[in-house]
Each structure stands twice: as C-alpha cells, then as structure tokens.
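Chemist: Supplied structure: final_16.csv, CSV, C-alpha atoms.
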chain,number,residue,atom,x,y,z
A,1,MET,CA,0.0,0.0,0.0
A,2,GLY,CA,1.2,3.5,-0.8
A,3,HIS,CA,-0.5,5.3,2.1
A,4,PRO,CA,0.4,3.8,5.5
A,5,SER,CA,-3.1,4.5,7.0
A,6,ILE,CA,-4.9,2.8,4.1
A,7,GLY,CA,-2.6,-0.1,4.2
A,8,ALA,CA,-3.0,-0.6,7.9
A,9,ALA,CA,-6.8,-0.3,7.6
A,10,LEU,CA,-7.0,-2.8,4.8
A,11,GLU,CA,-4.6,-5.2,6.6
A,12,ALA,CA,-6.8,-5.0,9.8
A,13,LEU,CA,-10.0,-5.6,7.8
A,14,LEU,CA,-8.6,-8.7,6.1
A,15,ARG,CA,-7.2,-10.0,9.4
A,16,ILE,CA,-10.6,-9.6,11.1
A,17,GLU,CA,-12.1,-12.0,8.4
A,18,ASP,CA,-9.7,-14.7,9.7
A,19,ARG,CA,-9.8,-16.2,6.2
A,20,TYR,CA,-6.6,-14.7,4.9
A,21,GLU,CA,-2.9,-14.7,6.0
A,22,VAL,CA,-2.0,-11.1,5.4
A,23,ARG,CA,1.5,-9.7,4.9
A,24,ARG,CA,2.3,-6.1,3.9
A,25,ALA,CA,5.0,-5.2,1.5
A,26,GLN,CA,6.4,-1.7,1.0
A,27,SER,CA,7.2,-2.1,-2.7
A,28,LEU,CA,6.4,-4.1,-5.8
A,29,GLU,CA,9.9,-5.5,-5.8
A,30,GLN,CA,9.4,-6.8,-2.3
A,31,VAL,CA,6.2,-8.6,-3.5
A,32,ALA,CA,7.9,-10.0,-6.6
A,33,SER,CA,10.9,-11.4,-4.6
A,34,GLY,CA,8.7,-12.8,-1.8
A,35,LEU,CA,8.6,-11.8,1.8
A,36,ASP,CA,11.1,-13.9,3.7
A,37,GLY,CA,10.4,-16.9,1.6
A,38,TRP,CA,6.6,-16.5,1.9
A,39,VAL,CA,4.8,-16.4,-1.5
A,40,ALA,CA,1.4,-14.8,-1.6
A,41,ASP,CA,-1.7,-16.2,-3.4
A,42,LEU,CA,-2.9,-12.7,-4.3
A,43,ALA,CA,-1.5,-9.2,-4.2
A,44,LEU,CA,-3.7,-6.1,-3.5
A,45,VAL,CA,-1.6,-3.3,-5.0
A,46,ASP,CA,-2.1,0.5,-4.5
A,47,GLY,CA,-2.2,2.0,-7.9
A,48,VAL,CA,0.1,4.7,-6.7
A,49,LEU,CA,2.9,2.1,-6.5
A,50,VAL,CA,2.6,1.1,-10.1
A,51,PRO,CA,5.2,3.1,-12.1
A,52,LYS,CA,4.1,4.8,-15.3
A,53,GLY,CA,5.0,3.1,-18.5
A,54,ARG,CA,6.3,0.0,-16.9
A,55,THR,CA,4.8,-3.5,-16.9
A,56,GLU,CA,5.0,-5.4,-13.7
A,57,TRP,CA,5.7,-9.2,-14.0
A,58,ILE,CA,4.5,-10.3,-10.5
A,59,GLN,CA,3.6,-13.9,-11.1
A,60,ILE,CA,0.6,-14.0,-8.8
A,61,PRO,CA,-2.9,-12.8,-9.3
A,62,THR,CA,-3.1,-9.0,-8.6
A,63,ILE,CA,-5.9,-6.6,-7.9
A,64,VAL,CA,-5.2,-2.9,-8.2
A,65,LEU,CA,-6.7,-0.4,-5.8
A,66,SER,CA,-7.5,2.9,-7.5
A,67,GLY,CA,-9.6,5.9,-7.3
A,68,THR,CA,-11.3,5.7,-10.7
A,69,ALA,CA,-12.4,2.9,-13.0
A,70,ILE,CA,-10.3,4.2,-15.9
A,71,ASP,CA,-7.1,4.2,-13.9
A,72,GLY,CA,-7.9,0.9,-12.2
A,73,ARG,CA,-8.5,-1.0,-15.5
A,74,ARG,CA,-5.4,0.6,-17.1
A,75,LEU,CA,-3.2,-0.2,-14.1
A,76,ALA,CA,-4.5,-3.8,-13.8
A,77,GLU,CA,-3.6,-4.5,-17.4
A,78,ARG,CA,0.0,-3.9,-16.6
A,79,PHE,CA,0.2,-7.0,-14.5
A,80,ALA,CA,0.8,-10.4,-16.0
A,81,GLN,CA,-2.0,-11.8,-13.9
A,82,GLY,CA,-4.1,-8.7,-13.3
A,83,ARG,CA,-7.5,-9.7,-11.9
A,84,GLY,CA,-9.1,-6.3,-12.0
A,85,TRP,CA,-9.4,-3.4,-9.8
A,86,LEU,CA,-11.2,-2.1,-6.7
A,87,ARG,CA,-11.9,1.4,-5.4
A,88,LYS,CA,-9.7,2.4,-2.6
A,89,ASP,CA,-12.8,3.0,-0.5
A,90,ALA,CA,-14.3,-0.4,-1.3
A,91,THR,CA,-16.5,-2.0,1.3
A,92,ALA,CA,-15.5,-5.2,3.1
A,93,ASP,CA,-18.0,-7.2,1.0
A,94,GLU,CA,-16.6,-5.8,-2.2
A,95,ILE,CA,-13.1,-6.7,-1.2
A,96,ARG,CA,-14.1,-10.2,-0.1
A,97,ALA,CA,-15.9,-10.8,-3.4
A,98,ALA,CA,-13.0,-9.5,-5.5
A,99,ILE,CA,-10.5,-11.7,-3.6
A,100,ASP,CA,-12.8,-14.8,-4.0
A,101,ARG,CA,-13.2,-14.1,-7.8
A,102,ALA,CA,-9.5,-13.6,-8.3
A,103,LEU,CA,-8.7,-16.8,-6.5
A,104,ALA,CA,-11.4,-18.9,-8.2
A,105,PRO,CA,-10.1,-21.8,-10.3
A,106,ALA,CA,-9.7,-20.8,-13.9
A,107,ALA,CA,-12.1,-23.4,-15.1
A,108,LEU,CA,-14.9,-21.6,-13.3
A,109,ARG,CA,-14.3,-18.4,-15.1
A,110,TRP,CA,-15.4,-19.2,-18.7
A,111,PRO,CA,-15.9,-16.3,-21.0
A,112,ALA,CA,-19.6,-15.5,-21.8
A,113,ARG,CA,-18.9,-16.1,-25.5
A,114,ILE,CA,-18.0,-19.7,-24.8
A,115,VAL,CA,-21.0,-20.3,-22.6
A,116,VAL,CA,-23.4,-18.8,-25.2
A,117,ALA,CA,-21.8,-20.9,-28.0
A,118,VAL,CA,-22.2,-24.1,-26.0
A,119,VAL,CA,-25.9,-23.3,-25.2
A,120,VAL,CA,-26.6,-22.5,-28.9
A,121,LEU,CA,-24.9,-25.7,-30.0
A,122,ALA,CA,-26.9,-27.7,-27.5
A,123,VAL,CA,-30.2,-26.1,-28.7
A,124,ILE,CA,-29.3,-26.9,-32.3
A,125,ALA,CA,-28.5,-30.5,-31.4
A,126,VAL,CA,-31.8,-30.9,-29.6
A,127,ALA,CA,-33.7,-29.4,-32.6
A,128,ILE,CA,-32.0,-31.7,-35.1
A,129,ALA,CA,-32.7,-34.8,-32.9
A,130,TRP,CA,-36.4,-33.7,-32.5
A,131,TYR,CA,-36.7,-33.2,-36.3
A,132,LEU,CA,-35.2,-36.6,-37.0
A,133,LEU,CA,-37.5,-38.3,-34.5
A,134,ARG,CA,-40.6,-36.6,-36.0
A,135,ALA,CA,-39.5,-37.5,-39.5
A,136,ARG,CA,-39.3,-41.2,-38.5
A,137,GLY,CA,-42.5,-41.1,-37.1
What's the structure tokens form of this structure?

Modeler:
Amino acid sequence: MGHPSIGAALEALLRIEDRYEVRRAQSLEQVASGLDGWVADLALVDGVLVPKGRTEWIQIPTIVLSGTAIDGRRLAERFAQGRGWLRKDATADEIRAAIDRALAPAALRWPARIVVAVVVLAVIAVAIAWYLLRARG
C-alpha cells in the first residue's frame, strides 16, 4: 500500500475476516521477490505504487486499488495476472468478493462467448434430434 493508513486499515480488515494470511510489502519489488520466503496467493496493490509506462511481472494474481475505473483498469492491465481493480474505499463485502473471484479456479471463469456458444450448439443438437424423431414417425 502506498499510504500507511490505508494499508493498515486494509490489513486490519482482512485479518478480522480470519480467512486470509496477510503480509504487507512496501514495494512491488518486495512482493515479486517474496517476503522472507513467503509467497502470496494474491496481491492487492495500491495504484500509486505502479510506475508509469512499466509493466510489472509479478507472477501472482493481482488486484489494483485505484480511485477511478479508468485508472484501475489501465493499471490492472500492466500486471501479468491482473485480476481487475477495486476502489480504494471499497466495502468489506466488495473486497471479499474481489478476492474470491481472483482466487477462483480458472475453469470456473469461462468467457460469456463460450457459454453462449455451448448453449446455442446444445439447442441446435436438440432441434436436429427432435426433427429426426418426427421424420421417422
């Protein structure tokens, strides 16, 4: 976190949940190198810490905290495993939901296009089977 007060508040909020092991890093380099051998499952990164014009290659899912949607999306795209963004004043429920989405297995996050294509193909297959059964009968 860039601002110590925001970082402390977020850390306290996540510890209260008792679902997460929370460690705070002071820089992106510290996150990338690991904290005393500890490797995180997810990084919540203050958008202020993301340098301009530089892509970060932190190899863990990352959520960017930002003040605006435009900045949040732009900054999240700089990370190899960017999982979106959150407002810096997000509620506890929003933070929890974003973390759960970011840590969900990849198989559960199918793009809408694929789901629609599978449904359309299933409908076509049922229609063809129905037509063939009626023609026989």

Chemist: Per residue of range 95-137 of chain A within 10 Å of range 7-31 of chain A, which atom pair is closest and at what distance in Å (one decimal), using only C-alpha atoms, listed by chain and increasing number, as CSV?

Modeler:
residue,atom,partner,partner_atom,distance
A:Ile95,CA,A:Leu14,CA,8.8
A:Arg96,CA,A:Leu14,CA,8.4
A:Ile99,CA,A:Tyr20,CA,9.8

Chemist: Considering all atoms listed in the file, state which residue in the set A:Pro105, A:Gly47, A:Gly84, A:Gly37 is at the smallest distance from Gly67 in chain A.

Modeler: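 The closest residue to Gly67 in chain A is A:Gly47.
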
Chemist: Give the answer as one residue: which of A:Ile114, A:Ile124, A:Val50, A:Ala104 has the shortest atom-to-atom distance to Leu75 in chain A, using only C-alpha atoms?

Modeler: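 Between A:Ile114, A:Ile124, A:Val50, A:Ala104, the residue approaching Leu75 in chain A most closely is A:Val50.
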
Chemist: Quote the spacing between CA of Ala122 in chain A and CA of Arg101 in chain A in Å to one decimal place.

Modeler: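 It comes out at 27.6 Å.
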
Chemist: Pick from A:Trp38, A:Leu44, A:Trp110, A:Lys88: nearest to Ser5 in chain A, with all atoms listed in the file counted?

Modeler: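 Going through A:Trp38, A:Leu44, A:Trp110, A:Lys88 one by one, the smallest distance to Ser5 in chain A is for A:Lys88.
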
Chemist: Here is a test: counting only C-alpha atoms, which residue of A:Asp89, A:Asp36, A:Asp41, A:Glu77 is nearest to Ala102 in chain A?

Modeler: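 Smallest distance to Ala102 in chain A is found for A:Asp41.
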
Chemist: CA of Pro51 in chain A to CA of Ile70 in chain A: how many Å, to one decimal?

Modeler: 16.0 Å

Chemist: Please measure the separation of CA of Gly82 in chain A and CA of Ala112 in chain A, giving the value in Å to one decimal.

Modeler: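 About the pair CA of Gly82 in chain A and CA of Ala112 in chain A: they are 18.9 Å apart.
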